[in-house]
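Below is one structure, written out as structure tokens; comments come after it.
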Amino acid sequence: MSAPVVETHRLAKTYGLSPVLREVELRLMPGAGAYVIGGNGAGKSTLLRILAGLEAPSDGYALVFGQDTRKVAARYRRRIGVMAHQSFLYPNLTARENLEFYGELYSLPDPRASAELWLERVGLAEVADSRERTFSRGMEQRLSAARAMLPEPALLLLDEPFASLDHDGVEIIASLIRSAIERGAAVIATAHAIPEIEGVDFAAYEISHGRMQPHLHKEEVRRGGRIRSLLGR
Amino acid sequence: MNSAIRNGLGYVTLALMIVALFMVFDYVPPEAEQGIAQLIFYFHVPLAWVAFASFGIVAIAGIFYLWLGDKLWDDLGYAAAETGMVFCTLMIVAGSIWAKPIWGTWWTWDSRLTTTFILWLMYGGYLMLRASADDTPQVARFGAVIGVVAALDVPIVIASVRLWRTIHPAVLVTKQGGHGLEDPRMVATLLVCLAAFTVLWAWLLMLRFTQLRTRSRMSALAVRIAFADAALSDSK
Amino acid sequence: MLRKDLRLELRSGESTLALLALSMLVLVVLVFALDAGRVRSVDVAAGALWVAMVFAGMLGANRALLAERDNGAIRGLLLSPLDPGTLYAAKLAAALIFMAVAEVGAVILMVLFFNLEFDVSIARLAPILALGAIGFSALATLLSAITGRTRGGDMLLPILAVPIFVPALIAGVKASAAALAGVPLDSMGQWLKIMVAFDVLFVTAGYLLFEHVVGEN
């Protein structure tokens with residue numbers, strides 16, 4: 001029985017006086033995935049930030065690879081890939097340079113080759129030598145995904161990975177997520193509503209009022225989901 | 001912090017200050033060379049000691065805060081910075097009042113005044129930083145780092161300024177004073193003033209620290225109430 | 001990391017040049033403010049040089065960290081296995097290079113504007129300026145990580161940095177003036193010792209404390 005990649009216990013977070021997360025319990029095994037959905041400001045991004053170690057919980061704790069997220073050792077950080085609303089990319093470097101830089105940052109054996117490979121995978125090979133500054137939002141998102149997955153991390157934390165993507169973009173990211181699961185990574189992806197990805201069977205959770213609960217059957221969501229998000233819950 | 005101790009400190013301060021003032025203005029003989037103005041010395045030295053001590057506390061509290069993360073240390077550091085700033089300002093004013101009759105000018109770049117001024121600027125920087133930002137753990141950490149960095153700098157500042165200038169009267173060889181004071185009455189007065197100001201400082205520091213501590217505790221409490229409140233409305 | 005920073009620096013070409021020019025301009029202002037044409041004084045020249053240097057140093061440290069603000073790149077760095085001490089070293093190096101380039105320019109202008117000679121005394125300046133640049137860059141890199149994130153922002157950097165830098169500034173100006181007056185380096189022992197102490201102290205402090213100022217939680 002392998003160890004969970006992610007584990008939280010009574011995780012809570014407040015900003016000032018507003019409780020954004022309350023008693024969140026989560027457990028994710030390798031090769032498994034989870035969708036976390038919720039409206040704007042529901043706390044999905046906060047949860048990911050805590051799991052990534054960018055923020056500390058106000059109460060409770062979160063473990064990734066058995067390490068407290070507040071103090072993850074360097075060798076474990078190597079195994080975490082994060083996609084956020086910000087791309088973490090340098091506008092004045094080319095796509096290739098950005099990826100090569102991250103390749104070196106994560107001590108990959110051959111950053112050039114890895115960069116080349118991933119540019120192909122996200123369909124940006126043609127614009128590899130253009131500066132990131134010139135990219136559209138969709139292209140930026142794809143490059144950000146490449147950056148996150150470049151070191152083949154064992155845990156992927158993706159904050160709204162499908163936002164701003166056209167159909168092709170969504171397909172690309174979906175297939176990348178599929179391959180990540182296949183090689184045994186754990187994936188958490190947030191979204192406003194359950195993404196419609198084939199071949200991927202994720203557990204679904206919804207965050208509302210700071211509490212995270214296993215989501216209703218996905219079918220119900222597709223029908224009722226739109227209404228929910230309209231109500232902003 | 002026990003309010004009895006705090007109040008006690010207050011009374012002791014009052015008593016000591018009265019004695020100190022009496023001693024300075026009535027008891028001690030004026031110094032031959034500098035006349036009445038030299039009396040400032042009895043205030044200047046204790047003020048200096050207290051200002052530097054405060055700075056030390058800011059730094060030590062900073063280190064503890066970075067190490068332990070308990071808000072208590074940040075409150076202590078902030079209180080010490082504010083208190084220190086007050087005394088440092090008084091010190092500069094006192095130094096200036098001394099300078100005028102002795103050197104004929106309101107300000108002069110001698111080693112002690114310069115060092116005081118630098119210290120004052122560092123305090124000012126710390127306070128400006130804290131004032132311009134919210135009271136988050138991040139900002140508290142910033143304050144701690146600044147406190148430590150500035151404190152580490154102080155010995156170098158003193159050494160370099162001393163090298164740069166030396167026209168301070170020979171009465172004060174060290175901050176503790178005592179050398180070059182002929183009359184034992186002067187020594188006694190100095191010691192009493194030292195004690196009086198130290199107690200005054202400690203009292204003010206405790207007052208401010210208690211204030212900040214209370215505020216921090218209330219914030220933490222408010223957060224818990226918010227949590228509980230939300231939990232209640234959930235189960236409705 | 002340094003390579004990336006340098007590449008970024010060169011790419012954003014124009015603004016780097018503008019900032020360097022700004023530092024030089026400070027010298028020009030001082031020429032007129034101090035009437036440098038009339039008086040041939042090494043003290044004035046040394047002072048003006050250091051004013052320009054400090055100015056350049058503040059701009060340089062700011063820029064090194066600014067590069068990480070676009071697209072939240074700093075978070076990417078924090079999430080990576082990179083340790084904060086190394087990040088500090090890289091930023092320090094970038095700020096140092098910027099300051100060094102500015103210094104070279106400033107020295108040349110100083111000699112020209114303040115009626116000095118290009119001789120061996122200028123060469124003696126080199127180690128003094130190097131020590132000063134290291135110290136100031138170390139301090140400013142650490143501090144600008146703080147000031148970049150608070151509301152007071154860029155204005156706060158000089159307020160915090162200058163008082164702390166004073167000892168090295170005093171030592172640096174005195175040593176520089178002495179060097180320009182022809183004094184050999186071994187006679188300046190006192191001042192140099194102070195600068196070395198300052199540098200060691202602040203590079204170490206910066207390296208150790210950087211993780212506390214650059215994180216987010």
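In the structure tokens, the first chain shown is A, the next is B, and so on; residue numbers restart at 1 for each chain, and ligands run from 1 in the order shown.
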
Q. What lies within 8 Å of range 44-58 of chain A using only C-alpha atoms, ignoring chain neighbours under 4 positions off, as number ranges by chain?
A. A: 11-14, 20-21, 36-38, 62-64, 69-72, 80, 82, 157-159, 190, 207; C: 75, 78-79, 215-217

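Every chain B residue lying within 8 Å of chain A, based on only C-alpha atoms, is listed here: Ala222, Val223, Ala226, Phe227 and Ala230 of chain B.
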
Could those selected residues go to a file with C-alpha atoms, as an mmCIF file, in the first residue's frame?
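Dumped to selection-v2.cif:
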```
data_model
loop_
_atom_site.group_PDB
_atom_site.id
_atom_site.type_symbol
_atom_site.label_atom_id
_atom_site.label_comp_id
_atom_site.auth_asym_id
_atom_site.auth_seq_id
_atom_site.Cartn_x
_atom_site.Cartn_y
_atom_site.Cartn_z
ATOM 1 C CA ALA B 222 -11.842 37.529 16.352
ATOM 2 C CA VAL B 223 -10.633 34.979 13.847
ATOM 3 C CA ALA B 226 -15.462 34.106 12.760
ATOM 4 C CA PHE B 227 -14.749 30.431 12.355
ATOM 5 C CA ALA B 230 -19.476 30.310 10.196
#
```

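Residue-level contacts from chain C to chain B at 8 Å, counting only C-alpha atoms, read C:Leu143, C:Ile146, C:Thr150, C:Arg151, C:Gly152, C:Leu156, C:Ile159, C:Leu160, C:Pro163, C:Ile164, C:Val166, C:Pro167, C:Ala168, C:Ile170, C:Ala171, C:Trp191, C:Ile194, C:Ala197, C:Phe198, C:Leu201, C:Phe202, C:Ala205, C:Leu209, C:His212, C:Val213, C:Glu216, C:Asn217.
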
Please, could you write that set of residues out with N, CA and C atoms as a compact mmCIF listing (two decimals), in the first residue's frame?
```txt
# COMPACT_ATOMS: atom_id res chain seq x y z
N LEU C 143 17.22 44.39 1.19
CA LEU C 143 16.19 45.37 1.53
C LEU C 143 15.16 45.54 0.43
N ILE C 146 12.24 43.50 0.56
CA ILE C 146 11.24 43.97 1.51
C ILE C 146 10.46 45.14 0.94
N THR C 150 6.01 46.27 -0.04
CA THR C 150 5.19 47.07 0.87
C THR C 150 4.71 48.33 0.18
N ARG C 151 3.72 48.95 0.78
CA ARG C 151 3.10 50.09 0.13
C ARG C 151 4.04 51.26 -0.05
N GLY C 152 4.89 51.50 0.94
CA GLY C 152 5.85 52.60 0.81
C GLY C 152 6.72 52.41 -0.40
N LEU C 156 10.92 53.67 0.14
CA LEU C 156 11.40 53.18 1.42
C LEU C 156 12.82 52.64 1.32
N ILE C 159 15.46 55.12 2.38
CA ILE C 159 15.29 55.45 3.80
C ILE C 159 15.89 54.37 4.68
N LEU C 160 15.71 53.12 4.26
CA LEU C 160 16.26 52.04 5.05
C LEU C 160 17.73 51.82 4.77
N PRO C 163 20.96 54.89 6.03
CA PRO C 163 21.55 54.91 7.38
C PRO C 163 22.39 53.68 7.65
N ILE C 164 21.89 52.53 7.19
CA ILE C 164 22.64 51.31 7.45
C ILE C 164 23.96 51.32 6.69
N VAL C 166 25.80 53.88 6.05
CA VAL C 166 26.68 54.98 6.45
C VAL C 166 28.13 54.59 6.76
N PRO C 167 28.36 53.58 7.59
CA PRO C 167 29.77 53.28 7.90
C PRO C 167 30.60 52.98 6.66
N ALA C 168 30.05 52.16 5.77
CA ALA C 168 30.80 51.85 4.56
C ALA C 168 30.94 53.09 3.69
N ILE C 170 31.12 56.28 4.75
CA ILE C 170 32.18 57.12 5.32
C ILE C 170 33.54 56.56 4.94
N ALA C 171 33.70 55.25 5.21
CA ALA C 171 34.99 54.63 4.94
C ALA C 171 35.33 54.73 3.46
N TRP C 191 40.17 52.21 7.21
CA TRP C 191 38.94 52.33 6.42
C TRP C 191 38.63 51.03 5.69
N ILE C 194 37.07 48.45 7.87
CA ILE C 194 35.65 48.70 8.13
C ILE C 194 34.81 48.21 6.96
N ALA C 197 34.67 44.44 6.91
CA ALA C 197 33.77 43.95 7.96
C ALA C 197 32.32 44.11 7.53
N PHE C 198 32.02 45.27 6.99
CA PHE C 198 30.67 45.55 6.53
C PHE C 198 30.24 44.53 5.48
N LEU C 201 29.75 41.00 6.88
CA LEU C 201 28.54 40.99 7.70
C LEU C 201 27.28 40.93 6.85
N PHE C 202 27.20 41.81 5.87
CA PHE C 202 25.95 41.92 5.16
C PHE C 202 25.74 40.87 4.09
N ALA C 205 24.59 38.03 6.32
CA ALA C 205 23.24 38.29 6.82
C ALA C 205 22.22 38.14 5.69
N LEU C 209 19.20 35.59 5.75
CA LEU C 209 17.88 36.14 6.02
C LEU C 209 16.98 36.21 4.80
N HIS C 212 13.55 34.65 4.57
CA HIS C 212 12.46 35.19 5.37
C HIS C 212 11.75 36.34 4.67
N VAL C 213 12.46 36.99 3.77
CA VAL C 213 11.81 38.15 3.16
C VAL C 213 11.22 37.85 1.80
N GLU C 216 6.17 33.90 0.96
CA GLU C 216 4.88 34.57 0.93
C GLU C 216 4.04 34.36 2.18
N ASN C 217 4.21 33.25 2.81
CA ASN C 217 3.37 32.97 3.97
C ASN C 217 3.93 33.67 5.19
```

Q | Interface residues on chain A facing chain C, 6 Å, only C-alpha atoms, written as number ranges by chain | A | A: 54-56, 74, 77-78, 86-89

Kindly export the residues of the current selection with C-alpha atoms, as an mmCIF file, in the first residue's frame.
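Produced file selection07.cif, reproduced below:
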```
data_model
loop_
_atom_site.group_PDB
_atom_site.id
_atom_site.type_symbol
_atom_site.label_atom_id
_atom_site.label_comp_id
_atom_site.auth_asym_id
_atom_site.auth_seq_id
_atom_site.Cartn_x
_atom_site.Cartn_y
_atom_site.Cartn_z
ATOM 1 C CA LEU A 54 3.180 29.203 -0.979
ATOM 2 C CA GLU A 55 0.930 29.908 1.972
ATOM 3 C CA ALA A 56 0.683 28.503 5.436
ATOM 4 C CA ALA A 74 14.188 20.789 -2.000
ATOM 5 C CA ARG A 77 9.802 20.364 -4.428
ATOM 6 C CA ARG A 78 11.401 18.902 -7.506
ATOM 7 C CA GLN A 86 0.082 33.601 -13.309
ATOM 8 C CA SER A 87 2.331 31.802 -15.706
ATOM 9 C CA PHE A 88 5.668 32.248 -13.878
ATOM 10 C CA LEU A 89 7.218 32.865 -17.267
#
```

Q) Near Phe55 in chain C, counting only C-alpha atoms, which residues have an atom at most 9 Å away, once you skip same-chain residues fewer than 6 positions from it, shown as a PyMOL selection string? A) chain C and resi 22-23+26+158

Emit the selected residues as a tab-separated table (two decimals), in the first residue's frame, including C-alpha atoms.
```
chain	number	residue	atom	x	y	z
C	22	LEU	CA	20.53	58.49	-14.77
C	23	SER	CA	23.35	57.60	-12.43
C	26	VAL	CA	23.71	62.67	-10.82
C	158	PRO	CA	16.79	54.65	0.39
```

Where in range 47-180 of chain A does DSSP assign alpha helix (DSSP H), given as a PDB file with N, CA and C atoms, in the first residue's frame?
```
ATOM      1  N   LEU A  47      -6.515  26.711  -1.534  1.00  0.00           N
ATOM      2  CA  LEU A  47      -6.159  25.330  -1.219  1.00  0.00           C
ATOM      3  C   LEU A  47      -4.909  24.911  -1.981  1.00  0.00           C
ATOM      4  N   LEU A  48      -4.877  25.228  -3.276  1.00  0.00           N
ATOM      5  CA  LEU A  48      -3.708  24.862  -4.064  1.00  0.00           C
ATOM      6  C   LEU A  48      -2.458  25.577  -3.573  1.00  0.00           C
ATOM      7  N   ARG A  49      -2.620  26.832  -3.214  1.00  0.00           N
ATOM      8  CA  ARG A  49      -1.447  27.582  -2.760  1.00  0.00           C
ATOM      9  C   ARG A  49      -0.899  26.977  -1.481  1.00  0.00           C
ATOM     10  N   ILE A  50      -1.799  26.536  -0.608  1.00  0.00           N
ATOM     11  CA  ILE A  50      -1.324  25.915   0.631  1.00  0.00           C
ATOM     12  C   ILE A  50      -0.628  24.609   0.313  1.00  0.00           C
ATOM     13  N   LEU A  51      -1.218  23.824  -0.581  1.00  0.00           N
ATOM     14  CA  LEU A  51      -0.595  22.553  -0.936  1.00  0.00           C
ATOM     15  C   LEU A  51       0.759  22.773  -1.594  1.00  0.00           C
ATOM     16  N   ALA A  52       0.871  23.859  -2.349  1.00  0.00           N
ATOM     17  CA  ALA A  52       2.147  24.135  -3.019  1.00  0.00           C
ATOM     18  C   ALA A  52       3.182  24.677  -2.048  1.00  0.00           C
ATOM     19  N   ALA A  74      13.945  20.514  -0.579  1.00  0.00           N
ATOM     20  CA  ALA A  74      14.188  20.789  -2.000  1.00  0.00           C
ATOM     21  C   ALA A  74      13.933  19.568  -2.872  1.00  0.00           C
ATOM     22  N   ARG A  75      14.350  18.393  -2.404  1.00  0.00           N
ATOM     23  CA  ARG A  75      14.220  17.237  -3.287  1.00  0.00           C
ATOM     24  C   ARG A  75      12.756  16.845  -3.511  1.00  0.00           C
ATOM     25  N   TYR A  76      11.884  17.271  -2.628  1.00  0.00           N
ATOM     26  CA  TYR A  76      10.472  17.006  -2.868  1.00  0.00           C
ATOM     27  C   TYR A  76       9.835  18.083  -3.731  1.00  0.00           C
ATOM     28  N   ARG A  77      10.340  19.293  -3.599  1.00  0.00           N
ATOM     29  CA  ARG A  77       9.802  20.364  -4.428  1.00  0.00           C
ATOM     30  C   ARG A  77      10.042  20.059  -5.892  1.00  0.00           C
ATOM     31  N   ALA A  95      10.084  31.188 -25.671  1.00  0.00           N
ATOM     32  CA  ALA A  95       9.458  30.001 -25.080  1.00  0.00           C
ATOM     33  C   ALA A  95      10.528  28.972 -24.759  1.00  0.00           C
ATOM     34  N   ARG A  96      11.402  28.762 -25.709  1.00  0.00           N
ATOM     35  CA  ARG A  96      12.454  27.773 -25.523  1.00  0.00           C
ATOM     36  C   ARG A  96      13.346  28.150 -24.341  1.00  0.00           C
ATOM     37  N   GLU A  97      13.736  29.431 -24.285  1.00  0.00           N
ATOM     38  CA  GLU A  97      14.615  29.864 -23.195  1.00  0.00           C
ATOM     39  C   GLU A  97      13.937  29.698 -21.845  1.00  0.00           C
ATOM     40  N   ASN A  98      12.653  30.010 -21.808  1.00  0.00           N
ATOM     41  CA  ASN A  98      11.918  29.833 -20.562  1.00  0.00           C
ATOM     42  C   ASN A  98      11.984  28.389 -20.101  1.00  0.00           C
ATOM     43  N   LEU A  99      11.690  27.471 -21.025  1.00  0.00           N
ATOM     44  CA  LEU A  99      11.676  26.066 -20.635  1.00  0.00           C
ATOM     45  C   LEU A  99      13.074  25.566 -20.294  1.00  0.00           C
ATOM     46  N   GLU A 100      14.053  26.004 -21.038  1.00  0.00           N
ATOM     47  CA  GLU A 100      15.422  25.573 -20.721  1.00  0.00           C
ATOM     48  C   GLU A 100      15.827  26.062 -19.340  1.00  0.00           C
ATOM     49  N   PHE A 101      15.432  27.292 -19.029  1.00  0.00           N
ATOM     50  CA  PHE A 101      15.744  27.825 -17.706  1.00  0.00           C
ATOM     51  C   PHE A 101      15.130  26.959 -16.621  1.00  0.00           C
ATOM     52  N   TYR A 102      13.839  26.636 -16.793  1.00  0.00           N
ATOM     53  CA  TYR A 102      13.195  25.808 -15.782  1.00  0.00           C
ATOM     54  C   TYR A 102      13.782  24.416 -15.741  1.00  0.00           C
ATOM     55  N   GLY A 103      14.227  23.940 -16.913  1.00  0.00           N
ATOM     56  CA  GLY A 103      14.883  22.644 -16.939  1.00  0.00           C
ATOM     57  C   GLY A 103      16.128  22.647 -16.062  1.00  0.00           C
ATOM     58  N   GLU A 104      16.900  23.711 -16.180  1.00  0.00           N
ATOM     59  CA  GLU A 104      18.103  23.813 -15.357  1.00  0.00           C
ATOM     60  C   GLU A 104      17.743  23.983 -13.896  1.00  0.00           C
ATOM     61  N   LEU A 105      16.705  24.781 -13.651  1.00  0.00           N
ATOM     62  CA  LEU A 105      16.266  25.017 -12.280  1.00  0.00           C
ATOM     63  C   LEU A 105      15.916  23.710 -11.586  1.00  0.00           C
ATOM     64  N   PRO A 111      18.361  19.825 -20.365  1.00  0.00           N
ATOM     65  CA  PRO A 111      17.304  20.831 -20.465  1.00  0.00           C
ATOM     66  C   PRO A 111      16.910  21.166 -21.904  1.00  0.00           C
ATOM     67  N   ARG A 112      17.888  21.193 -22.801  1.00  0.00           N
ATOM     68  CA  ARG A 112      17.577  21.539 -24.192  1.00  0.00           C
ATOM     69  C   ARG A 112      16.601  20.539 -24.783  1.00  0.00           C
ATOM     70  N   ALA A 113      16.938  19.266 -24.604  1.00  0.00           N
ATOM     71  CA  ALA A 113      16.112  18.214 -25.185  1.00  0.00           C
ATOM     72  C   ALA A 113      14.720  18.221 -24.561  1.00  0.00           C
ATOM     73  N   SER A 114      14.685  18.356 -23.244  1.00  0.00           N
ATOM     74  CA  SER A 114      13.379  18.383 -22.575  1.00  0.00           C
ATOM     75  C   SER A 114      12.540  19.545 -23.077  1.00  0.00           C
ATOM     76  N   ALA A 115      13.176  20.701 -23.205  1.00  0.00           N
ATOM     77  CA  ALA A 115      12.437  21.875 -23.672  1.00  0.00           C
ATOM     78  C   ALA A 115      11.867  21.607 -25.056  1.00  0.00           C
ATOM     79  N   GLU A 116      12.718  21.061 -25.902  1.00  0.00           N
ATOM     80  CA  GLU A 116      12.313  20.740 -27.278  1.00  0.00           C
ATOM     81  C   GLU A 116      11.093  19.819 -27.264  1.00  0.00           C
ATOM     82  N   LEU A 117      11.204  18.760 -26.467  1.00  0.00           N
ATOM     83  CA  LEU A 117      10.144  17.764 -26.382  1.00  0.00           C
ATOM     84  C   LEU A 117       8.824  18.381 -25.950  1.00  0.00           C
ATOM     85  N   TRP A 118       8.871  19.166 -24.915  1.00  0.00           N
ATOM     86  CA  TRP A 118       7.636  19.713 -24.374  1.00  0.00           C
ATOM     87  C   TRP A 118       7.032  20.802 -25.256  1.00  0.00           C
ATOM     88  N   LEU A 119       7.898  21.504 -25.962  1.00  0.00           N
ATOM     89  CA  LEU A 119       7.357  22.494 -26.894  1.00  0.00           C
ATOM     90  C   LEU A 119       6.512  21.781 -27.935  1.00  0.00           C
ATOM     91  N   GLU A 120       7.003  20.613 -28.349  1.00  0.00           N
ATOM     92  CA  GLU A 120       6.255  19.796 -29.293  1.00  0.00           C
ATOM     93  C   GLU A 120       4.923  19.378 -28.687  1.00  0.00           C
ATOM     94  N   ARG A 121       5.006  18.871 -27.478  1.00  0.00           N
ATOM     95  CA  ARG A 121       3.820  18.308 -26.833  1.00  0.00           C
ATOM     96  C   ARG A 121       2.708  19.325 -26.641  1.00  0.00           C
ATOM     97  N   ARG A 137      -3.086  34.556 -24.700  1.00  0.00           N
ATOM     98  CA  ARG A 137      -3.340  33.962 -23.395  1.00  0.00           C
ATOM     99  C   ARG A 137      -3.361  32.446 -23.475  1.00  0.00           C
ATOM    100  N   GLY A 138      -3.963  31.931 -24.546  1.00  0.00           N
ATOM    101  CA  GLY A 138      -4.025  30.480 -24.704  1.00  0.00           C
ATOM    102  C   GLY A 138      -2.632  29.877 -24.857  1.00  0.00           C
ATOM    103  N   MET A 139      -1.798  30.556 -25.644  1.00  0.00           N
ATOM    104  CA  MET A 139      -0.442  30.038 -25.838  1.00  0.00           C
ATOM    105  C   MET A 139       0.340  30.098 -24.541  1.00  0.00           C
ATOM    106  N   GLU A 140       0.113  31.182 -23.806  1.00  0.00           N
ATOM    107  CA  GLU A 140       0.810  31.339 -22.526  1.00  0.00           C
ATOM    108  C   GLU A 140       0.422  30.204 -21.579  1.00  0.00           C
ATOM    109  N   GLN A 141      -0.869  29.911 -21.585  1.00  0.00           N
ATOM    110  CA  GLN A 141      -1.363  28.840 -20.724  1.00  0.00           C
ATOM    111  C   GLN A 141      -0.704  27.519 -21.083  1.00  0.00           C
ATOM    112  N   ARG A 142      -0.573  27.267 -22.381  1.00  0.00           N
ATOM    113  CA  ARG A 142       0.048  26.013 -22.804  1.00  0.00           C
ATOM    114  C   ARG A 142       1.516  25.971 -22.409  1.00  0.00           C
ATOM    115  N   LEU A 143       2.178  27.090 -22.563  1.00  0.00           N
ATOM    116  CA  LEU A 143       3.589  27.123 -22.187  1.00  0.00           C
ATOM    117  C   LEU A 143       3.741  26.930 -20.681  1.00  0.00           C
ATOM    118  N   SER A 144       2.796  27.517 -19.943  1.00  0.00           N
ATOM    119  CA  SER A 144       2.831  27.355 -18.495  1.00  0.00           C
ATOM    120  C   SER A 144       2.659  25.893 -18.116  1.00  0.00           C
ATOM    121  N   ALA A 145       1.771  25.187 -18.850  1.00  0.00           N
ATOM    122  CA  ALA A 145       1.593  23.768 -18.588  1.00  0.00           C
ATOM    123  C   ALA A 145       2.890  23.021 -18.870  1.00  0.00           C
ATOM    124  N   ALA A 146       3.539  23.372 -19.975  1.00  0.00           N
ATOM    125  CA  ALA A 146       4.809  22.721 -20.304  1.00  0.00           C
ATOM    126  C   ALA A 146       5.819  22.956 -19.193  1.00  0.00           C
ATOM    127  N   ARG A 147       5.847  24.195 -18.718  1.00  0.00           N
ATOM    128  CA  ARG A 147       6.781  24.531 -17.645  1.00  0.00           C
ATOM    129  C   ARG A 147       6.508  23.689 -16.413  1.00  0.00           C
ATOM    130  N   ALA A 148       5.224  23.522 -16.087  1.00  0.00           N
ATOM    131  CA  ALA A 148       4.879  22.781 -14.878  1.00  0.00           C
ATOM    132  C   ALA A 148       5.209  21.303 -15.015  1.00  0.00           C
ATOM    133  N   MET A 149       5.001  20.771 -16.218  1.00  0.00           N
ATOM    134  CA  MET A 149       5.160  19.325 -16.376  1.00  0.00           C
ATOM    135  C   MET A 149       6.535  18.910 -16.849  1.00  0.00           C
ATOM    136  N   HIS A 167     -10.481  24.815 -28.140  1.00  0.00           N
ATOM    137  CA  HIS A 167     -10.712  23.380 -28.115  1.00  0.00           C
ATOM    138  C   HIS A 167      -9.408  22.589 -28.210  1.00  0.00           C
ATOM    139  N   ASP A 168      -8.535  22.996 -29.116  1.00  0.00           N
ATOM    140  CA  ASP A 168      -7.260  22.288 -29.262  1.00  0.00           C
ATOM    141  C   ASP A 168      -6.453  22.354 -27.978  1.00  0.00           C
ATOM    142  N   GLY A 169      -6.427  23.538 -27.411  1.00  0.00           N
ATOM    143  CA  GLY A 169      -5.683  23.716 -26.169  1.00  0.00           C
ATOM    144  C   GLY A 169      -6.193  22.778 -25.084  1.00  0.00           C
ATOM    145  N   VAL A 170      -7.518  22.725 -24.961  1.00  0.00           N
ATOM    146  CA  VAL A 170      -8.100  21.849 -23.939  1.00  0.00           C
ATOM    147  C   VAL A 170      -7.692  20.407 -24.185  1.00  0.00           C
ATOM    148  N   GLU A 171      -7.729  19.996 -25.454  1.00  0.00           N
ATOM    149  CA  GLU A 171      -7.336  18.634 -25.793  1.00  0.00           C
ATOM    150  C   GLU A 171      -5.900  18.344 -25.379  1.00  0.00           C
ATOM    151  N   ILE A 172      -5.020  19.303 -25.675  1.00  0.00           N
ATOM    152  CA  ILE A 172      -3.605  19.132 -25.339  1.00  0.00           C
ATOM    153  C   ILE A 172      -3.418  18.962 -23.838  1.00  0.00           C
ATOM    154  N   ILE A 173      -3.994  19.853 -23.084  1.00  0.00           N
ATOM    155  CA  ILE A 173      -3.822  19.785 -21.637  1.00  0.00           C
ATOM    156  C   ILE A 173      -4.432  18.488 -21.104  1.00  0.00           C
ATOM    157  N   ALA A 174      -5.602  18.146 -21.639  1.00  0.00           N
ATOM    158  CA  ALA A 174      -6.252  16.918 -21.182  1.00  0.00           C
ATOM    159  C   ALA A 174      -5.361  15.714 -21.424  1.00  0.00           C
ATOM    160  N   SER A 175      -4.753  15.654 -22.609  1.00  0.00           N
ATOM    161  CA  SER A 175      -3.923  14.483 -22.877  1.00  0.00           C
ATOM    162  C   SER A 175      -2.681  14.492 -21.999  1.00  0.00           C
ATOM    163  N   LEU A 176      -2.181  15.665 -21.695  1.00  0.00           N
ATOM    164  CA  LEU A 176      -1.023  15.737 -20.801  1.00  0.00           C
ATOM    165  C   LEU A 176      -1.390  15.229 -19.411  1.00  0.00           C
ATOM    166  N   ILE A 177      -2.587  15.619 -18.981  1.00  0.00           N
ATOM    167  CA  ILE A 177      -3.030  15.145 -17.666  1.00  0.00           C
ATOM    168  C   ILE A 177      -3.192  13.631 -17.688  1.00  0.00           C
ATOM    169  N   ARG A 178      -3.760  13.126 -18.787  1.00  0.00           N
ATOM    170  CA  ARG A 178      -3.925  11.681 -18.910  1.00  0.00           C
ATOM    171  C   ARG A 178      -2.583  10.981 -18.784  1.00  0.00           C
ATOM    172  N   SER A 179      -1.571  11.448 -19.546  1.00  0.00           N
ATOM    173  CA  SER A 179      -0.272  10.756 -19.473  1.00  0.00           C
ATOM    174  C   SER A 179       0.348  10.882 -18.099  1.00  0.00           C
ATOM    175  N   ALA A 180       0.115  12.014 -17.447  1.00  0.00           N
ATOM    176  CA  ALA A 180       0.685  12.162 -16.107  1.00  0.00           C
ATOM    177  C   ALA A 180       0.100  11.101 -15.183  1.00  0.00           C
TER     178      ALA A 180
END
```

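Near Val58 in chain B, within 6 Å and counting only C-alpha atoms, sit Gly62, Gly77, Ala80 and Gly147 of chain B, not including residues fewer than 4 positions from it in the same chain.
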
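The set of residues in range 40-120 of chain A assigned to strand (DSSP E or B) by DSSP, using only backbone atoms of this structure, is Asp59, Gly60, Tyr61, Ala62, Leu63, Val64, Gln67, Asp68, Ile80, Gly81, Val82, Met83 and Thr94 of chain A.
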
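Coordinates place CA of Pro46 in chain B at a distance of 15.6 Å from CA of Ser96 in chain B.
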
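Around range 94-100 of chain C, within 6 Å and counting only C-alpha atoms, the residues found are Ala56, Gly57, Gly60, Ala61, Ala64, Lys91, Leu92, Ala102, Glu103 and Ser137 of chain C, once anything fewer than 2 positions away on its own chain is removed.
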
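Using only C-alpha atoms, the contacts of Gly47 in chain C at a cut-off of 8 Å, with sequence neighbours closer than 3 positions omitted, comprise Asp43, Val44, Trp50, Val51, Val173 and Ala177 of chain C.
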
Could you save those same residues with C-alpha atoms as an mmCIF file, in the first residue's frame?
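Full text of again_11.cif as output:
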```cif
data_model
loop_
_atom_site.group_PDB
_atom_site.id
_atom_site.type_symbol
_atom_site.label_atom_id
_atom_site.label_comp_id
_atom_site.auth_asym_id
_atom_site.auth_seq_id
_atom_site.Cartn_x
_atom_site.Cartn_y
_atom_site.Cartn_z
ATOM 1 C CA ASP C 43 37.423 65.258 -1.433
ATOM 2 C CA VAL C 44 34.663 66.758 -3.502
ATOM 3 C CA TRP C 50 30.018 57.897 -4.117
ATOM 4 C CA VAL C 51 26.738 59.751 -4.428
ATOM 5 C CA VAL C 173 34.627 58.213 0.623
ATOM 6 C CA ALA C 177 39.708 60.690 -1.407
#
```
